[in-house]
Each structure stands twice: as structure tokens, then as C-alpha cells.
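Q: Structure file run-v4.txt (compact mmCIF, C-alpha atoms) right here:
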# COMPACT_ATOMS: atom_id res chain seq x y z
CA MET A 200 -18.51 16.37 -14.66
CA SER A 201 -19.59 13.51 -12.43
CA GLN A 202 -19.79 9.73 -12.58
CA HIS A 203 -20.85 7.07 -10.12
CA PHE A 204 -19.10 3.84 -9.18
CA ASP A 205 -19.78 1.47 -6.32
CA VAL A 206 -16.09 1.20 -5.46
CA VAL A 207 -13.06 3.32 -6.35
CA VAL A 208 -9.75 1.46 -6.00
CA ILE A 209 -6.73 3.72 -5.56
CA GLY A 210 -3.41 2.16 -6.58
CA THR A 211 -2.38 -0.64 -8.91
CA SER A 212 -0.48 -2.97 -6.62
CA LEU A 213 -1.29 -6.62 -7.24
CA GLY A 214 -3.43 -6.67 -4.10
CA ALA A 215 -5.43 -3.63 -5.25
CA LEU A 216 -5.91 -5.05 -8.74
CA ALA A 217 -6.96 -8.47 -7.40
CA THR A 218 -9.51 -6.71 -5.15
CA ALA A 219 -10.87 -4.73 -8.10
CA ALA A 220 -11.08 -7.88 -10.26
CA VAL A 221 -13.08 -9.81 -7.66
CA LEU A 222 -15.42 -6.89 -6.99
CA SER A 223 -16.04 -6.45 -10.72
CA ARG A 224 -16.77 -10.16 -11.03
CA ARG A 225 -19.32 -9.86 -8.21
CA GLY A 226 -21.22 -7.14 -10.06
CA PHE A 227 -19.84 -3.98 -8.46
CA ARG A 228 -19.14 -0.98 -10.65
CA VAL A 229 -15.40 -0.47 -10.12
CA LEU A 230 -13.02 2.32 -11.08
CA VAL A 231 -9.25 1.84 -10.64
CA LEU A 232 -7.00 4.90 -10.41
CA GLY A 233 -3.32 4.09 -10.86
CA HIS A 234 -2.35 6.98 -8.58
CA HIS A 235 1.10 7.12 -10.21
CA ASP A 236 1.96 3.57 -9.20
CA ARG A 237 4.84 2.67 -11.44
CA PRO A 238 5.21 -0.75 -13.11
CA GLY A 239 7.85 -3.12 -11.80
CA THR A 240 10.04 -2.72 -14.90
CA TYR A 241 11.17 0.07 -17.20
CA THR A 242 13.46 0.35 -20.21
CA TYR A 243 16.71 2.27 -20.50
CA ASP A 244 18.87 2.23 -23.62
CA GLY A 245 16.94 -0.78 -24.89
CA LEU A 246 17.44 -2.75 -21.67
CA THR A 247 14.76 -3.90 -19.24
CA LEU A 248 15.52 -2.81 -15.68
CA TYR A 249 13.65 -3.53 -12.44
CA ARG A 250 12.24 -1.06 -9.94
CA ARG A 251 11.64 -3.92 -7.54
CA VAL A 252 11.99 -7.66 -7.37
CA SER A 253 8.85 -9.46 -8.51
CA GLN A 254 6.31 -10.65 -5.99
CA PHE A 255 7.22 -14.16 -4.95
CA ALA A 256 5.56 -16.96 -6.89
CA VAL A 257 1.97 -18.11 -6.49
CA TYR A 258 1.52 -20.06 -3.29
CA GLY A 259 -0.26 -23.40 -3.05
CA SER A 260 -2.97 -21.77 -0.98
CA ARG A 261 -6.67 -22.53 -1.13
CA ALA A 262 -7.31 -18.80 -0.73
CA TRP A 263 -5.34 -18.07 -3.92
CA ALA A 264 -7.04 -20.93 -5.76
CA ARG A 265 -10.39 -19.55 -4.60
CA LEU A 266 -9.52 -16.13 -6.03
CA LEU A 267 -8.65 -17.55 -9.45
CA SER A 268 -11.65 -19.86 -9.36
CA GLU A 269 -14.03 -16.97 -8.69
CA LEU A 270 -12.52 -15.16 -11.66
CA ALA A 271 -13.12 -18.35 -13.72
CA GLN A 272 -9.39 -18.48 -14.47
CA LEU A 273 -8.10 -21.29 -12.26
CA GLN A 274 -7.47 -23.87 -15.00
CA PRO A 275 -6.17 -21.40 -17.64
CA MET A 276 -3.74 -19.93 -15.10
CA ARG A 277 -2.53 -23.35 -13.96
CA ARG A 278 -1.47 -24.06 -17.52
CA ARG A 279 0.65 -20.90 -17.54
CA LEU A 280 2.35 -21.37 -14.18
CA VAL A 281 5.81 -22.90 -13.86
CA PRO A 282 7.00 -24.67 -10.66
CA LEU A 283 10.18 -23.47 -8.95
CA GLU A 284 12.84 -26.05 -8.07
CA PRO A 285 14.37 -25.30 -5.68
CA MET A 286 11.59 -23.15 -4.29
CA PHE A 287 14.24 -20.73 -3.03
CA GLN A 288 17.82 -20.72 -1.78
CA VAL A 289 19.46 -19.22 1.29
CA LEU A 290 23.09 -18.19 0.85
CA SER A 291 25.36 -16.98 3.63
CA PRO A 292 29.09 -17.34 4.44
CA GLY A 293 29.81 -21.07 4.56
CA ILE A 294 26.14 -22.06 4.14
CA ARG A 295 23.90 -22.82 1.19
CA LEU A 296 20.38 -24.10 1.75
CA ASP A 297 18.24 -25.35 -1.14
CA ALA A 298 14.51 -25.44 -0.36
CA PHE A 299 13.42 -28.51 -2.31
CA ARG A 300 9.77 -29.20 -3.08
CA ASP A 301 10.13 -32.70 -1.62
CA GLY A 302 9.64 -32.30 2.15
CA ALA A 303 12.00 -35.07 3.25
CA LYS A 304 14.72 -33.82 0.91
CA PHE A 305 14.22 -30.27 2.22
CA LEU A 306 14.60 -31.38 5.86
CA ARG A 307 17.84 -33.22 4.99
CA ALA A 308 19.15 -30.07 3.32
CA ILE A 309 18.35 -28.06 6.48
CA HIS A 310 20.19 -30.60 8.64
CA ARG A 311 23.28 -30.37 6.38
CA ALA A 312 23.25 -26.57 6.46
CA TYR A 313 22.42 -26.24 10.19
CA PRO A 314 23.50 -29.52 11.85
CA ASP A 315 23.20 -28.08 15.38
CA ALA A 316 19.61 -26.86 14.91
CA GLY A 317 18.26 -30.27 15.94
CA GLU A 318 16.44 -32.56 13.51
CA GLU A 319 13.52 -33.10 15.85
CA ALA A 320 13.11 -29.39 16.55
CA VAL A 321 13.14 -28.50 12.83
CA ALA A 322 10.70 -31.33 12.03
CA THR A 323 8.40 -30.05 14.79
CA LEU A 324 8.55 -26.51 13.41
CA TYR A 325 7.59 -27.53 9.88
CA SER A 326 4.89 -29.85 11.20
CA GLN A 327 3.38 -26.84 12.98
CA LEU A 328 3.69 -24.78 9.79
CA SER A 329 1.65 -27.42 7.98
CA LEU A 330 -1.03 -27.21 10.68
CA LEU A 331 -0.97 -23.42 10.37
CA ASN A 332 -1.62 -23.57 6.62
CA GLU A 333 -4.47 -26.03 7.10
CA ALA A 334 -6.12 -23.97 9.83
CA THR A 335 -5.65 -20.68 7.96
CA ASP A 336 -7.12 -22.11 4.77
CA LYS A 337 -10.28 -23.06 6.66
CA ILE A 338 -10.65 -19.49 7.90
CA LEU A 339 -10.06 -18.06 4.42
CA ASP A 340 -12.53 -20.43 2.74
CA GLU A 341 -15.17 -17.75 3.32
CA ASP A 342 -15.09 -13.97 3.30
CA ILE A 343 -14.14 -12.24 6.54
CA VAL A 344 -16.01 -9.07 7.47
CA THR A 345 -13.83 -6.33 8.98
CA PRO A 346 -14.75 -4.81 11.34
CA PRO A 347 -17.06 -7.62 12.43
CA GLY A 348 -20.65 -6.71 13.27
CA THR A 349 -22.76 -9.78 13.99
CA PHE A 350 -22.03 -12.50 16.53
CA TRP A 351 -20.85 -14.95 13.85
CA GLU A 352 -18.65 -12.32 12.21
CA ARG A 353 -16.98 -11.71 15.58
CA GLN A 354 -16.52 -15.46 16.05
CA ARG A 355 -14.80 -15.75 12.67
CA ALA A 356 -12.62 -12.72 13.33
CA SER A 357 -11.48 -14.13 16.69
CA ALA A 358 -10.48 -17.46 15.06
CA TRP A 359 -7.08 -15.93 14.19
CA ARG A 360 -6.20 -15.82 17.89
CA LYS A 361 -6.44 -19.62 18.12
CA LEU A 362 -4.02 -20.36 15.26
CA PRO A 363 -0.57 -21.88 15.90
CA PHE A 364 2.09 -19.18 16.48
CA ALA A 365 -0.60 -16.60 17.42
CA ASN A 366 0.69 -16.14 20.98
CA LEU A 367 4.42 -16.24 20.25
CA SER A 368 6.89 -13.41 19.80
CA ARG A 369 9.15 -15.45 17.48
CA PRO A 370 8.02 -18.32 15.21
CA CYS A 371 10.93 -20.67 15.97
CA ALA A 372 10.06 -20.55 19.66
CA ILE A 373 7.28 -23.06 18.98
CA ALA A 374 10.01 -25.68 18.47
CA GLY A 375 12.34 -24.39 21.20
CA ILE A 376 14.90 -22.94 18.74
CA ASP A 377 16.71 -19.86 20.04
CA GLU A 378 15.94 -16.72 18.04
CA ARG A 379 19.69 -15.96 17.75
CA HIS A 380 20.44 -19.31 16.10
CA PRO A 381 21.48 -18.97 12.40
CA PHE A 382 18.58 -21.22 11.41
CA ALA A 383 16.05 -18.95 13.17
CA ILE A 384 17.64 -15.89 11.55
CA GLN A 385 17.35 -17.38 8.05
CA PHE A 386 13.78 -18.54 8.77
CA GLU A 387 12.64 -14.98 9.47
CA ALA A 388 14.78 -13.59 6.63
CA VAL A 389 12.98 -15.84 4.15
CA ALA A 390 9.59 -14.61 5.38
CA ARG A 391 10.58 -10.94 5.23
CA SER A 392 12.18 -11.19 1.79
CA LEU A 393 9.81 -13.48 -0.08
CA GLY A 394 6.73 -11.97 1.54
CA ASN A 395 7.83 -8.57 0.22
CA ALA A 396 6.69 -7.13 3.54
CA TRP A 397 7.71 -6.86 7.16
CA PRO A 398 5.35 -9.12 9.12
CA SER A 399 5.03 -7.69 12.61
CA SER A 400 4.17 -10.92 14.41
CA ALA A 401 5.31 -14.50 14.74
CA LEU A 402 2.05 -15.56 13.10
CA GLY A 403 2.70 -13.33 10.07
CA LEU A 404 6.28 -14.55 9.69
CA ALA A 405 5.23 -18.18 10.06
CA ARG A 406 2.38 -17.91 7.54
CA VAL A 407 4.59 -16.33 4.87
CA HIS A 408 7.33 -18.93 5.39
CA ALA A 409 4.77 -21.74 5.36
CA LEU A 410 3.34 -20.57 2.05
CA ALA A 411 6.81 -20.11 0.57
CA THR A 412 7.54 -23.80 1.20
CA ARG A 413 4.22 -25.03 -0.16
CA GLY A 414 5.19 -25.67 -3.77
CA PRO A 415 5.24 -22.13 -5.19
CA MET A 416 4.62 -21.52 -8.89
CA MET A 417 5.91 -18.72 -11.10
CA LEU A 418 4.11 -16.79 -13.84
CA PRO A 419 6.53 -15.93 -16.68
CA GLY A 420 6.61 -12.16 -16.96
CA GLY A 421 6.40 -11.58 -13.22
CA ASP A 422 4.50 -8.63 -11.78
CA ASN A 423 3.79 -7.05 -15.16
CA ALA A 424 2.11 -10.24 -16.37
CA TRP A 425 -0.02 -10.44 -13.21
CA ALA A 426 -1.02 -6.77 -13.50
CA GLN A 427 -2.05 -7.26 -17.13
CA PHE A 428 -4.04 -10.36 -16.17
CA PHE A 429 -5.99 -8.57 -13.43
CA CYS A 430 -6.63 -5.48 -15.60
CA GLU A 431 -8.07 -7.74 -18.30
CA ARG A 432 -10.35 -9.39 -15.74
CA ILE A 433 -11.50 -6.02 -14.37
CA GLU A 434 -12.43 -4.68 -17.79
CA ALA A 435 -13.97 -7.99 -18.89
CA HIS A 436 -16.51 -7.61 -16.08
CA GLY A 437 -17.32 -3.97 -16.78
CA GLY A 438 -14.78 -2.21 -14.58
CA LEU A 439 -12.67 0.73 -15.70
CA VAL A 440 -8.89 1.02 -15.25
CA ARG A 441 -7.25 4.45 -15.52
CA GLU A 442 -3.58 3.72 -14.94
CA ARG A 443 -2.64 7.41 -15.23
CA GLY A 444 -5.52 8.57 -13.06
CA ARG A 445 -4.75 10.06 -9.67
CA ALA A 446 -6.91 10.76 -6.65
CA HIS A 447 -6.65 14.28 -5.25
CA ARG A 448 -9.20 14.04 -2.49
CA ILE A 449 -11.63 11.63 -0.84
CA ASP A 450 -14.89 13.29 0.19
CA GLY A 451 -17.13 11.94 2.89
CA GLY A 452 -19.28 12.69 5.86
CA GLN A 453 -20.73 11.02 8.93
CA GLY A 454 -18.27 8.17 8.67
CA ARG A 455 -19.05 7.33 5.03
CA VAL A 456 -17.26 7.91 1.73
CA THR A 457 -19.26 9.92 -0.81
CA ALA A 458 -16.85 10.71 -3.66
CA VAL A 459 -13.29 10.74 -4.97
CA VAL A 460 -11.98 13.79 -6.82
CA ALA A 461 -9.53 12.77 -9.57
CA ASP A 462 -6.69 14.78 -11.07
CA ASP A 463 -8.75 16.12 -13.99
CA GLU A 464 -11.35 17.55 -11.59
CA LEU A 465 -13.63 14.61 -12.29
CA ARG A 466 -15.76 14.04 -9.23
CA VAL A 467 -16.55 10.34 -8.93
CA SER A 468 -19.33 9.57 -6.49
CA CYS A 469 -18.93 6.21 -4.80
CA ASN A 470 -19.94 4.15 -1.79
CA PHE A 471 -16.56 2.65 -0.91
CA VAL A 472 -12.84 3.25 -1.45
CA ALA A 473 -10.23 0.48 -1.43
CA THR A 474 -6.54 1.32 -1.57
CA SER A 475 -3.06 -0.13 -1.30
CA LEU A 476 -1.69 3.21 -0.06
CA PRO A 477 -0.09 3.41 3.38
CA ILE A 478 -2.58 4.34 6.10
CA ALA A 479 -1.12 7.82 6.48
CA GLY A 480 -1.44 8.49 2.74
CA ALA A 481 -5.04 7.30 2.59
CA MET A 482 -5.98 9.40 5.63
CA ALA A 483 -4.32 12.46 4.09
CA LEU A 484 -6.50 12.10 0.96
CA ALA A 485 -9.54 12.02 3.22
CA GLY A 486 -8.36 15.12 5.09
CA VAL A 487 -7.91 13.21 8.32
CA ALA A 488 -4.79 13.68 10.43
CA HIS A 489 -2.87 10.53 11.26
CA PRO A 490 -2.92 10.01 15.05
CA SER A 491 0.82 9.43 15.14
CA THR A 492 3.85 10.06 12.98
CA PRO A 493 4.71 6.95 10.95
CA VAL A 494 8.16 5.61 11.76
CA VAL A 495 10.29 4.12 8.98
CA SER A 496 12.24 1.23 10.49
CA MET A 497 13.69 -0.21 7.26
CA ARG A 498 14.13 0.81 3.65
CA ARG A 499 14.50 -1.34 0.56
CA PHE A 500 16.94 -0.50 -2.20
CA ALA A 501 16.53 -2.16 -5.62
CA MET A 502 18.96 -2.45 -8.50
CA THR A 503 19.43 -4.47 -11.70
CA VAL A 504 22.60 -6.21 -12.85
CA LEU A 505 22.99 -7.58 -16.40
CA VAL A 506 25.74 -10.15 -16.93
CA ALA A 507 26.76 -12.87 -19.35
CA SER A 508 25.03 -16.17 -18.58
CA GLU A 509 28.31 -17.89 -17.78
CA GLY A 510 28.81 -15.34 -15.00
CA VAL A 511 25.97 -16.91 -13.00
CA PRO A 512 26.54 -20.47 -11.71
CA LEU A 513 23.91 -22.94 -12.90
CA SER A 514 23.41 -24.03 -9.28
CA ILE A 515 21.93 -20.62 -8.44
CA GLY A 516 18.14 -20.83 -8.65
CA ARG A 517 15.67 -18.17 -9.66
CA GLU A 518 14.94 -17.01 -6.09
CA SER A 519 17.69 -16.58 -3.49
CA ILE A 520 18.19 -14.76 -0.21
CA ILE A 521 21.70 -13.70 0.78
CA ILE A 522 22.33 -13.20 4.50
CA ASP A 523 25.62 -11.64 5.56
CA GLY A 524 25.59 -10.39 9.12
CA THR A 525 22.82 -7.80 9.31
CA GLN A 526 22.70 -7.34 5.52
CA LEU A 527 19.81 -9.05 3.76
CA VAL A 528 19.60 -9.22 -0.04
CA ARG A 529 16.99 -10.93 -2.17
CA ILE A 530 17.96 -11.78 -5.74
CA GLU A 531 15.88 -12.94 -8.69
CA VAL A 532 17.82 -14.49 -11.59
CA LEU A 533 16.23 -14.34 -15.04
CA ARG A 534 18.21 -16.27 -17.67
CA GLU A 535 17.75 -15.47 -21.34
CA HIS A 536 20.04 -17.25 -23.84
CA ASP A 537 23.50 -15.66 -23.47
CA THR A 538 22.60 -13.05 -20.85
CA ALA A 539 21.20 -13.10 -17.35
CA THR A 540 19.36 -10.33 -15.53
CA ILE A 541 19.72 -10.21 -11.76
CA ALA A 542 17.20 -8.11 -9.87
CA LEU A 543 18.34 -7.33 -6.33
CA GLU A 544 16.49 -5.89 -3.38
CA MET A 545 18.29 -5.15 -0.15
CA GLU A 546 17.15 -3.91 3.22
CA THR A 547 18.91 -1.05 4.93
CA PRO A 548 18.15 1.00 8.08
CA PRO A 549 16.98 4.59 7.38
CA GLU A 550 20.14 6.08 8.88
CA GLU A 551 22.37 3.99 6.59
CA PRO A 552 23.66 6.06 3.62
CA LEU A 553 22.62 4.68 0.22
CA ARG A 554 25.69 5.77 -1.71
CA HIS A 555 27.75 2.68 -0.81
CA LEU A 556 25.09 0.12 -1.73
CA ARG A 557 25.75 0.23 -5.47
Step by step, read the file and then write its structure as C-alpha cells.

A:
Amino acid sequence: MSQHFDVVVIGTSLGALATAAVLSRRGFRVLVLGHHDRPGTYTYDGLTLYRRVSQFAVYGSRAWARLLSELAQLQPMRRRLVPLEPMFQVLSPGIRLDAFRDGAKFLRAIHRAYPDAGEEAVATLYSQLSLLNEATDKILDEDIVTPPGTFWERQRASAWRKLPFANLSRPCAIAGIDERHPFAIQFEAVARSLGNAWPSSALGLARVHALATRGPMMLPGGDNAWAQFFCERIEAHGGLVRERGRAHRIDGGQGRVTAVVADDELRVSCNFVATSLPIAGAMALAGVAHPSTPVVSMRRFAMTVLVASEGVPLSIGRESIIIDGTQLVRIEVLREHDTATIALEMETPPEEPLRHLR
């Protein structure tokens, strides 16, 4: 049995689903295979538990607005989104930092929490973050072709090298703040935690932090609500979503993809494959050996705690990052009447045993 699609998307991460939704909107025939991606929540004994903390809220980015606008959902989604105040909190021994939406109020809070960081240095850093957002938005106003082919595509691709922070090893260095200073440590911790990734460059860290302080909005229902939204958009434009589908093999030749073989021996011919799988996993499906052995430098451990509402101080916001020495924990607090659900995600080195984390 055979079918043809223009693009097969493997995985149901939010990035993969957003890609599939945009491609469907643009007229491509799209098939999404869940590839055993599990939803962010599950039920146990009637309780909702979390496999991971939700993706951080929608950023005030023109790129994100452009995505929703192309899907003809910008205004409907704006009516559903809820602003976060504070945007996030940083908690560590003797320090609590509230990231207020008002910029002046936020800078005063930083000065109270880190009085020796230097008001002028911090103001310079956030001024540069604002310039970074503005410059990045201009680049993302149009599609970027990767790898670039024409002269203009190469010009656009090289524009990233001219952005603020592009030539730095640490983002706070742009303001002369030592990387060992507690403020610099929390700055990078916010980017790593709220970005749900491990940016490998000062530019990546700075961009995530800049977006996190740009008036984020939350969609009630978290990741599951976003996944449902994108699946509806995909199918509304003629795409097909098989959440239980799994890719067994990617066929190709002469540098081009020709088909994807699914778990029920369905051979789906296609022109392109998009995936949210790690590079090594995608290459394995294509029968290509990874040139090097991937190294795991950090693991994330997630757990859910259910408590009575009075057990969580009202001053604790929805999004918080706890920093205690080398331990980094992100918490998401969901209050419902007389109970509160706390989803936690903590980073731990691979050699660290997991048994003590609970």
C-alpha cells in the first residue's frame, strides 16, 4: 500500500506541529507521524500528572505573531492568551527576583536582589537585549533558506553573525559583568530553564532571555492546548495527523528523500522529511551513521507535586526558577480552587544518581 505526501513530519513536538501547520496552510500535502511522542500530561488514579513542565509562555515576538497570522489565528489566539505577572521569578538562598512586565520596575527589582551587579551595567545589558530582539525580528520577518543557495540567501544567512552577542562567549560580558557573578548565573539559568533547551552560545542564551522578558503570555491548558490547536490547523488545511504512527525507515537516494516506511508497512512516498528528533535519531532512520557519538552533558528529571492551595504562598508566581548552588529547578504552579499542582523540572549531570532527586 502506498500514498504520496509532499512532506512527512516525524514527531509531535510543538515545533514539529507548528511546521506542519504552516506547510499545510501553504498548500503542501502533509502527513504527521507521532513517532511515540507522549503528551505532556497523563492521568494516574484520577489525577493529572506532568511528564514535563509546559513550554514557556508565548513570547512577544514578531516571528510568533507572523506564524499565527499566517494561520489566520492571530486575533482568536490573542483573546485566549493570559499575561503573566510577574513574567517569572528567580529564587535562591537569600534572594528573590520578580521579573515584572514594567521595565523600570523590573530593573529596580534586579538592583534590590543584586545590589553589587551595577545599575548601569544591568541597564546596558537589557538595552542590548532590546536591540537584539529588534534586529532578530527583522531577520525573521521573511523565511530563511537553509542551506543558502543564491547570493541573497547567503547574505541573509550571514546576518546572524552581525547581531549583538554573536561574538561573545557569555552574554553578560557585553555589559562587563563577570560570568561568576550571581546575577550572571541567574541570567543564564533563566534562559536554559524557560527556553526548555540548552543554548550553546551567548547569542542563543541572550535571545531566549530577551524573549522571556518581553511580556510573555500563557495559553490555559499549556502544551496539550497548543498541540490540539496545531493539529486542528493541520487537518483544517488538508493535512493528516497520525499520533500513533511511527516511522521505521526513511528511504532516499542521491541526496534526496523518496519515502518513509511507517509501522504498519505503509510506504509513504514524499519529497521532504521534517522532524523534531535528535540528529542521531533522524540519521539512524535514514540508515546513515552519525559521524560522532552524541555526548549527554545534562539530563532533566520531571516530577509532579499535588498540595493544598494554602501550602503554596500567594507570592509565588506561575513560573519560577530555583537556583541552589549547582542545582537548577524550574517550577510551574497551577492553582485550582483548594488544590495546587506543582510541575518541577530539574537538571542533573548524567553521572548523578536519580534516586535521591525525589

Q: Skipping near chain neighbours, those fewer than 6 positions away, what residues fall within 10 Å of His235 (chain A) using only C-alpha atoms, listed as JSON, numbers by chain?

A: {"A": [209, 210, 211, 442, 443, 444, 445, 446]}

Q: For a quick check of understanding, using all atoms listed in the file, which of A:Ala262, A:Glu341, A:Arg279, A:His408 has the smallest distance to Gln327 (chain A)?

A: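 Once distances to Gln327 (chain A) are computed over all atoms listed in the file, the minimum belongs to A:His408.
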
Q: Please provide the set of residues having any atom within 12 Å of Arg311 (chain A), restricted to only C-alpha atoms, with same-chain residues fewer than 5 positions apart removed, written as a list in words.

A: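 The filter keeps Gly293, Ile294, Arg295, Leu296, Asp297, Lys304, Phe305, Leu306, Ala316, Gly317, Glu318 and Phe382 of chain A.
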
Q: I need the chosen residues saved as a PDB file, in the coordinates of the input, with C-alpha atoms.

A:
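Result file is selection-v6.pdb:
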ATOM      1  CA  GLY A 293      29.810 -21.070   4.560  1.00  0.00           C
ATOM      2  CA  ILE A 294      26.140 -22.060   4.140  1.00  0.00           C
ATOM      3  CA  ARG A 295      23.900 -22.820   1.190  1.00  0.00           C
ATOM      4  CA  LEU A 296      20.380 -24.100   1.750  1.00  0.00           C
ATOM      5  CA  ASP A 297      18.240 -25.350  -1.140  1.00  0.00           C
ATOM      6  CA  LYS A 304      14.720 -33.820   0.910  1.00  0.00           C
ATOM      7  CA  PHE A 305      14.220 -30.270   2.220  1.00  0.00           C
ATOM      8  CA  LEU A 306      14.600 -31.380   5.860  1.00  0.00           C
ATOM      9  CA  ALA A 316      19.610 -26.860  14.910  1.00  0.00           C
ATOM     10  CA  GLY A 317      18.260 -30.270  15.940  1.00  0.00           C
ATOM     11  CA  GLU A 318      16.440 -32.560  13.510  1.00  0.00           C
ATOM     12  CA  PHE A 382      18.580 -21.220  11.410  1.00  0.00           C
TER      13      PHE A 382
END

Q: Between CA of Ala374 (chain A) and CA of Glu387 (chain A), what is the distance in Å, rounded to a tenth?

A: 14.2 Å

Q: Taking 3 positions as the minimum chain separation for residues in the same chain, which residues sit within 12 Å of Glu535 (chain A) when counting all atoms listed in the file? Answer as a count of residues only.

A: 11

Q: Which residue out of A:Met502, A:Met482, A:Ala356, A:Met545 has the minimum interatomic distance to Leu527 (chain A) when all atoms listed in the file are used?

A: A:Met545
